[in-house]
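> Got a structure here, written out as structure tokens. Questions coming.
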Amino acid sequence: MKIGKDIKMAKRSIVLLMIVLCLGASMAEADVVFEDGGTHDISERIDDNIIVRDSPDPDPVPTTVNLQSGGRIYDDVSVYNTSIVNTYDGSYIRDDVSATDESTVNIHGGLIIDKVSVVSNSTLNVYNGQIRDGIMARQGGTVNFYDGWIENDLHGDNDFGENGSTINVYGGVIGDNLQANDDSIFNVYGGEIGGGIYANINSVINIYGTGFNYPYGPIGDMEGTLTGTLSNGDLLNCLFGQYDGSSINLMPLNEPPVANAGPDQTVEQESYDGTQVTLDGSGSTDSDSTEGTNDDIVSFDWYEGATYLGSGETLDYTFPLGTHTVTLVVTDYFGENDDDEVIITVVDTTPPEITLLEPDPSVLWPPNHKFVEVMIMGSALDNCDAGLAIDISDVSVEVIDAEGGVMDVSIG
């Protein structure tokens, strides 16, 4: 009887265990997925993972999620494909934020407790707000840190970038280290840095400013203290280290580009549509470029008034008859730009070509004192005008009398 009772108790335990497992399964977290290609505003609390991705094939469209004031996410936020997540003042994310593929996360405000990861050609733009743990960029990810605050969590990852990522720091507060690893590139133009600046494993850190305690160019020491003023006016005073083939470079302040749209041009109209003109901005310069190149200029954009004509250091464009004021805008890596104007004048100084056929009839003989209708036909060709009208205003007639005398008569 005791054995049977033990078996019954075991059966009850199994049943209770199965009930607990079923309840546990029913209480498991469920993802909240946005993948319709639309725009969604969140201003309430969500306790589950948020997944944002493009609408399904065959024609995927990015999905946008805006975390507004009052929006509180108590789990991870993951962004994929080319979709976008924006956070604003008054928003809150308790766990990780990750951007993958070619997605974008824009932090305009709010508080993120855990880490923000940017992976595989995705982009993070930080305009304001707080990130308690840190930022990790990997495998081609890009970070643009304009303002805001990163407070290093005691258990957080201090790395700020690795694996071929690009990080541009323009301002804000970084509570701990700037640390570049594994072929990543840092460009530092501003920011209050609470820790040190470290480059590891073939990475590069370029620091732009003035008044450094080392000369411009690569820093010769492996470790030390770096002081100076960054290009945005922030003061720099921190430890640095560069190891395993990496380098920290001190760069002078950026010089803006100088646009040169080329000399004014006057050209003959060649067709009904006008004349193709080559716009040439190759005379534009930027002193920050590699010697003999314009490689610091990232864009050449051509406009006529508000009309965008196209881009390129040179651009072929067909202008109709008349005078055209064309503006070239050149922009460098730092977003500074300059413009220049060129006047393109298309003129029509070539007269039309007129061809007259022989009159029909061309000889009136013998004389009979009667009027005879004479047909005079011709054609005219002009490169610029398809609607030419021929007006015969003067006709010359050669009169020969019976004795062979000749007289020219003009009729007009």
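Residues in the structure tokens are named by chain (A, B, ... in the order shown) and by number from 1 within that chain; ligands are numbered from 1 in the order shown.
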So which residues touch Val126 of chain A within 9 Å, counting only C-alpha atoms, skipping near sequence neighbours fewer than 4 positions away, as a ChimeraX atom specification?
/A:105-109,143-148
> Output the selection as a compact mmCIF listing (two decimals), in the first residue's frame - N, CA and C atoms for each residue.

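part_25.txt, freshly written:
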# COMPACT_ATOMS: atom_id res chain seq x y z
N VAL A 105 18.87 54.41 -36.04
CA VAL A 105 18.31 54.81 -34.75
C VAL A 105 18.71 56.26 -34.51
N ASN A 106 17.72 57.12 -34.28
CA ASN A 106 17.95 58.53 -33.98
C ASN A 106 17.50 58.81 -32.55
N ILE A 107 18.45 59.19 -31.70
CA ILE A 107 18.13 59.47 -30.31
C ILE A 107 18.06 60.99 -30.15
N HIS A 108 16.83 61.51 -30.08
CA HIS A 108 16.61 62.94 -29.90
C HIS A 108 16.45 63.30 -28.42
N GLY A 109 16.25 62.31 -27.60
CA GLY A 109 16.06 62.52 -26.17
C GLY A 109 15.62 61.24 -25.52
N VAL A 143 28.40 55.67 -36.07
CA VAL A 143 27.83 56.45 -34.97
C VAL A 143 28.17 57.91 -35.20
N ASN A 144 27.15 58.77 -35.13
CA ASN A 144 27.36 60.22 -35.12
C ASN A 144 26.85 60.73 -33.79
N PHE A 145 27.77 61.15 -32.92
CA PHE A 145 27.41 61.59 -31.57
C PHE A 145 27.52 63.12 -31.53
N TYR A 146 26.35 63.78 -31.61
CA TYR A 146 26.32 65.24 -31.67
C TYR A 146 26.20 65.87 -30.28
N ASP A 147 25.38 65.28 -29.46
CA ASP A 147 25.16 65.81 -28.11
C ASP A 147 24.52 64.69 -27.29
N GLY A 148 24.32 64.96 -26.00
CA GLY A 148 23.76 63.93 -25.14
C GLY A 148 24.78 63.48 -24.11
> With DSSP run on the backbone, what are the strand (DSSP E or B) residues within segment 77-252 of chain A? I'd like them as a ChimeraX atom specification.
/A:77-79,84-87,92-93,97-99,104-107,111-112,116-119,123-126,130-131,135-138,142-145,149-150,161,166-169,173-174,178-180,185-188,192-193,197-199,204-210,217-218,223-230,235-242,247-251
> May I ask which of the residues A:Gly190, A:Pro367, A:Gly196, A:Gly209 is the closest one to Gly175 of chain A, counting only C-alpha atoms?
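Residue with the minimum atom-to-atom distance to Gly175 of chain A: A:Gly196.
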> Can you pull out every residue within 12 Å of segment 42-46 of chain A, counting only C-alpha atoms, but drop anything in the same chain fewer than 6 positions away, and send it as JSON, numbers by chain?
{"A": [29, 30, 31, 32, 33, 34, 64, 65, 66, 67, 68, 69, 70, 71, 72, 73, 74, 75, 76, 77, 85, 86, 87, 88, 89, 90, 91, 92, 93, 94]}
> With C-alpha atoms retained, write the just-selected residues as a PDB file, in the first residue's frame.

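For reference, out13.pdb as written:
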ATOM      1  CA  GLU A  29       7.126  37.092 -23.423  1.00  0.00           C
ATOM      2  CA  ALA A  30       5.769  37.865 -26.871  1.00  0.00           C
ATOM      3  CA  ASP A  31       7.461  40.189 -29.368  1.00  0.00           C
ATOM      4  CA  VAL A  32       5.683  43.310 -30.597  1.00  0.00           C
ATOM      5  CA  VAL A  33       6.528  43.471 -34.298  1.00  0.00           C
ATOM      6  CA  PHE A  34       6.160  46.499 -36.596  1.00  0.00           C
ATOM      7  CA  THR A  64       9.276  53.976 -38.654  1.00  0.00           C
ATOM      8  CA  VAL A  65       8.625  53.838 -34.895  1.00  0.00           C
ATOM      9  CA  ASN A  66       8.625  57.048 -32.829  1.00  0.00           C
ATOM     10  CA  LEU A  67       9.006  56.559 -29.071  1.00  0.00           C
ATOM     11  CA  GLN A  68       7.286  59.674 -27.749  1.00  0.00           C
ATOM     12  CA  SER A  69       7.084  61.171 -24.266  1.00  0.00           C
ATOM     13  CA  GLY A  70       5.501  58.589 -21.983  1.00  0.00           C
ATOM     14  CA  GLY A  71       6.598  55.707 -24.179  1.00  0.00           C
ATOM     15  CA  ARG A  72       8.299  53.127 -21.946  1.00  0.00           C
ATOM     16  CA  ILE A  73       9.794  49.896 -23.271  1.00  0.00           C
ATOM     17  CA  TYR A  74      10.734  47.357 -20.608  1.00  0.00           C
ATOM     18  CA  ASP A  75      12.615  44.999 -22.921  1.00  0.00           C
ATOM     19  CA  ASP A  76      14.887  45.118 -25.984  1.00  0.00           C
ATOM     20  CA  VAL A  77      14.345  47.242 -29.101  1.00  0.00           C
ATOM     21  CA  VAL A  85      13.459  54.191 -34.685  1.00  0.00           C
ATOM     22  CA  ASN A  86      13.339  57.678 -33.121  1.00  0.00           C
ATOM     23  CA  THR A  87      13.362  58.359 -29.369  1.00  0.00           C
ATOM     24  CA  TYR A  88      12.279  61.694 -27.853  1.00  0.00           C
ATOM     25  CA  ASP A  89      12.310  63.476 -24.487  1.00  0.00           C
ATOM     26  CA  GLY A  90      10.304  61.657 -21.858  1.00  0.00           C
ATOM     27  CA  SER A  91      10.798  58.209 -23.381  1.00  0.00           C
ATOM     28  CA  TYR A  92      12.453  55.249 -21.650  1.00  0.00           C
ATOM     29  CA  ILE A  93      14.028  51.946 -22.758  1.00  0.00           C
ATOM     30  CA  ARG A  94      15.121  49.574 -19.990  1.00  0.00           C
TER      31      ARG A  94
END
> Which of these residues is nearest to Glu255 of chain A, using only C-alpha atoms: A:Ser396, A:Asn337, A:Thr82, A:Thr318?
A:Asn337
> Please identify all polymer residues within 9 Å of Ser271 of chain A, counting only C-alpha atoms, omitting same-chain residues fewer than 2 positions from it, and present them as number ranges by chain.
A: 269, 273-275, 320, 382-385
> Quick one: residues within 7 Å of segment 112-123 of chain A, only C-alpha atoms, excluding same-chain residues fewer than 5 positions away - as a count of residues only?
28
> Rounded to one decimal place, report the atom CA of Asp301 of chain A-atom CA of Thr166 of chain A distance in Å.
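Separation of atom CA of Asp301 of chain A and atom CA of Thr166 of chain A: 25.4 Å.
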> Residues within 7 Å of Val374 of chain A, please, as a VMD selection string. Count only C-alpha atoms; anything in the same chain fewer than 4 positions from it doesn't count.
chain A and resid 359 to 361
> Let's have the selection written as a short mmCIF file (atom, residue, chain, number, x, y, z; two decimals), in the first residue's frame, with N, CA and C atoms.

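Output saved as again-v7.cif:
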data_model
loop_
_atom_site.label_atom_id
_atom_site.label_comp_id
_atom_site.auth_asym_id
_atom_site.auth_seq_id
_atom_site.Cartn_x
_atom_site.Cartn_y
_atom_site.Cartn_z
N PRO A 359 11.30 78.40 -110.72
CA PRO A 359 9.87 78.70 -110.91
C PRO A 359 9.25 77.79 -111.96
N ASP A 360 8.00 77.53 -111.79
CA ASP A 360 7.28 76.67 -112.73
C ASP A 360 6.02 77.39 -113.23
N PRO A 361 5.97 77.81 -114.54
CA PRO A 361 7.05 77.69 -115.54
C PRO A 361 8.11 78.75 -115.31
#
> Write out as a list in words the residues lying within 8 Å of segment 230-240 of chain A, counting only C-alpha atoms and excluding same-chain residues fewer than 2 positions away.
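Final neighbour list, sorted by chain and number: Tyr170, Gly171, Val188, Tyr189, Gly190, Gly191, Glu192, Ile193, Gly194, Gly195, Gly196, Ile197, Tyr198, Ile207, Tyr208, Gly209, Thr210, Glu223, Gly224, Thr225, Leu226, Thr227, Gly228, Gln242 and Leu253 of chain A.
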> For N, CA and C atoms, I'd like the residues from the last selection saved as a PDB file, in the first residue's frame.

ATOM      1  N   TYR A 170      31.028  64.820 -32.164  1.00  0.00           N
ATOM      2  CA  TYR A 170      30.974  66.259 -32.379  1.00  0.00           C
ATOM      3  C   TYR A 170      30.752  67.037 -31.085  1.00  0.00           C
ATOM      4  N   GLY A 171      30.303  66.376 -30.033  1.00  0.00           N
ATOM      5  CA  GLY A 171      30.016  67.059 -28.779  1.00  0.00           C
ATOM      6  C   GLY A 171      29.444  66.079 -27.788  1.00  0.00           C
ATOM      7  N   VAL A 188      37.188  62.794 -33.873  1.00  0.00           N
ATOM      8  CA  VAL A 188      36.753  63.508 -32.673  1.00  0.00           C
ATOM      9  C   VAL A 188      36.886  65.008 -32.921  1.00  0.00           C
ATOM     10  N   TYR A 189      35.748  65.706 -32.915  1.00  0.00           N
ATOM     11  CA  TYR A 189      35.718  67.156 -33.131  1.00  0.00           C
ATOM     12  C   TYR A 189      35.302  67.902 -31.873  1.00  0.00           C
ATOM     13  N   GLY A 190      34.767  67.195 -30.909  1.00  0.00           N
ATOM     14  CA  GLY A 190      34.296  67.821 -29.680  1.00  0.00           C
ATOM     15  C   GLY A 190      33.893  66.750 -28.701  1.00  0.00           C
ATOM     16  N   GLY A 191      33.393  67.183 -27.535  1.00  0.00           N
ATOM     17  CA  GLY A 191      32.937  66.247 -26.529  1.00  0.00           C
ATOM     18  C   GLY A 191      33.732  66.370 -25.244  1.00  0.00           C
ATOM     19  N   GLU A 192      33.037  66.183 -24.121  1.00  0.00           N
ATOM     20  CA  GLU A 192      33.679  66.129 -22.818  1.00  0.00           C
ATOM     21  C   GLU A 192      33.931  64.658 -22.491  1.00  0.00           C
ATOM     22  N   ILE A 193      35.188  64.281 -22.441  1.00  0.00           N
ATOM     23  CA  ILE A 193      35.565  62.875 -22.292  1.00  0.00           C
ATOM     24  C   ILE A 193      36.009  62.641 -20.857  1.00  0.00           C
ATOM     25  N   GLY A 194      35.255  61.809 -20.119  1.00  0.00           N
ATOM     26  CA  GLY A 194      35.539  61.572 -18.708  1.00  0.00           C
ATOM     27  C   GLY A 194      36.629  60.558 -18.465  1.00  0.00           C
ATOM     28  N   GLY A 195      36.879  59.685 -19.425  1.00  0.00           N
ATOM     29  CA  GLY A 195      37.917  58.672 -19.279  1.00  0.00           C
ATOM     30  C   GLY A 195      39.113  58.977 -20.166  1.00  0.00           C
ATOM     31  N   GLY A 196      39.627  57.939 -20.806  1.00  0.00           N
ATOM     32  CA  GLY A 196      40.771  58.103 -21.679  1.00  0.00           C
ATOM     33  C   GLY A 196      40.416  57.851 -23.132  1.00  0.00           C
ATOM     34  N   ILE A 197      41.430  57.987 -24.001  1.00  0.00           N
ATOM     35  CA  ILE A 197      41.283  57.736 -25.436  1.00  0.00           C
ATOM     36  C   ILE A 197      42.261  56.632 -25.788  1.00  0.00           C
ATOM     37  N   TYR A 198      41.720  55.498 -26.294  1.00  0.00           N
ATOM     38  CA  TYR A 198      42.559  54.330 -26.533  1.00  0.00           C
ATOM     39  C   TYR A 198      42.279  53.740 -27.911  1.00  0.00           C
ATOM     40  N   ILE A 207      41.914  63.333 -34.016  1.00  0.00           N
ATOM     41  CA  ILE A 207      41.414  64.331 -33.076  1.00  0.00           C
ATOM     42  C   ILE A 207      41.666  65.713 -33.667  1.00  0.00           C
ATOM     43  N   TYR A 208      40.586  66.483 -33.861  1.00  0.00           N
ATOM     44  CA  TYR A 208      40.672  67.783 -34.530  1.00  0.00           C
ATOM     45  C   TYR A 208      40.595  68.904 -33.502  1.00  0.00           C
ATOM     46  N   GLY A 209      41.577  69.806 -33.554  1.00  0.00           N
ATOM     47  CA  GLY A 209      41.554  70.914 -32.612  1.00  0.00           C
ATOM     48  C   GLY A 209      42.811  71.748 -32.705  1.00  0.00           C
ATOM     49  N   THR A 210      43.133  72.425 -31.602  1.00  0.00           N
ATOM     50  CA  THR A 210      44.284  73.324 -31.570  1.00  0.00           C
ATOM     51  C   THR A 210      44.866  73.342 -30.166  1.00  0.00           C
ATOM     52  N   GLU A 223      51.881  55.917 -24.852  1.00  0.00           N
ATOM     53  CA  GLU A 223      50.950  56.295 -23.798  1.00  0.00           C
ATOM     54  C   GLU A 223      51.330  57.674 -23.290  1.00  0.00           C
ATOM     55  N   GLY A 224      50.362  58.328 -22.645  1.00  0.00           N
ATOM     56  CA  GLY A 224      50.646  59.632 -22.084  1.00  0.00           C
ATOM     57  C   GLY A 224      49.371  60.372 -21.748  1.00  0.00           C
ATOM     58  N   THR A 225      49.509  61.688 -21.559  1.00  0.00           N
ATOM     59  CA  THR A 225      48.380  62.570 -21.293  1.00  0.00           C
ATOM     60  C   THR A 225      48.273  63.575 -22.436  1.00  0.00           C
ATOM     61  N   LEU A 226      47.060  63.750 -22.943  1.00  0.00           N
ATOM     62  CA  LEU A 226      46.823  64.648 -24.078  1.00  0.00           C
ATOM     63  C   LEU A 226      45.970  65.817 -23.615  1.00  0.00           C
ATOM     64  N   THR A 227      46.434  67.032 -23.913  1.00  0.00           N
ATOM     65  CA  THR A 227      45.656  68.228 -23.605  1.00  0.00           C
ATOM     66  C   THR A 227      45.523  69.071 -24.866  1.00  0.00           C
ATOM     67  N   GLY A 228      44.503  69.925 -24.887  1.00  0.00           N
ATOM     68  CA  GLY A 228      44.281  70.806 -26.024  1.00  0.00           C
ATOM     69  C   GLY A 228      42.831  71.265 -26.058  1.00  0.00           C
ATOM     70  N   GLN A 242      47.954  53.877 -27.461  1.00  0.00           N
ATOM     71  CA  GLN A 242      47.802  53.333 -28.814  1.00  0.00           C
ATOM     72  C   GLN A 242      48.662  52.080 -28.924  1.00  0.00           C
ATOM     73  N   LEU A 253      42.323  72.321 -37.431  1.00  0.00           N
ATOM     74  CA  LEU A 253      40.916  72.635 -37.636  1.00  0.00           C
ATOM     75  C   LEU A 253      40.560  72.592 -39.110  1.00  0.00           C
TER      76      LEU A 253
END
> Using only C-alpha atoms for the distances, tell me which of A:Ile50, A:Ala261, A:Ile297, A:Val169 is nearest to Thr327 of chain A.
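Looking at the shortest contact to Thr327 of chain A, the residue is A:Ala261.
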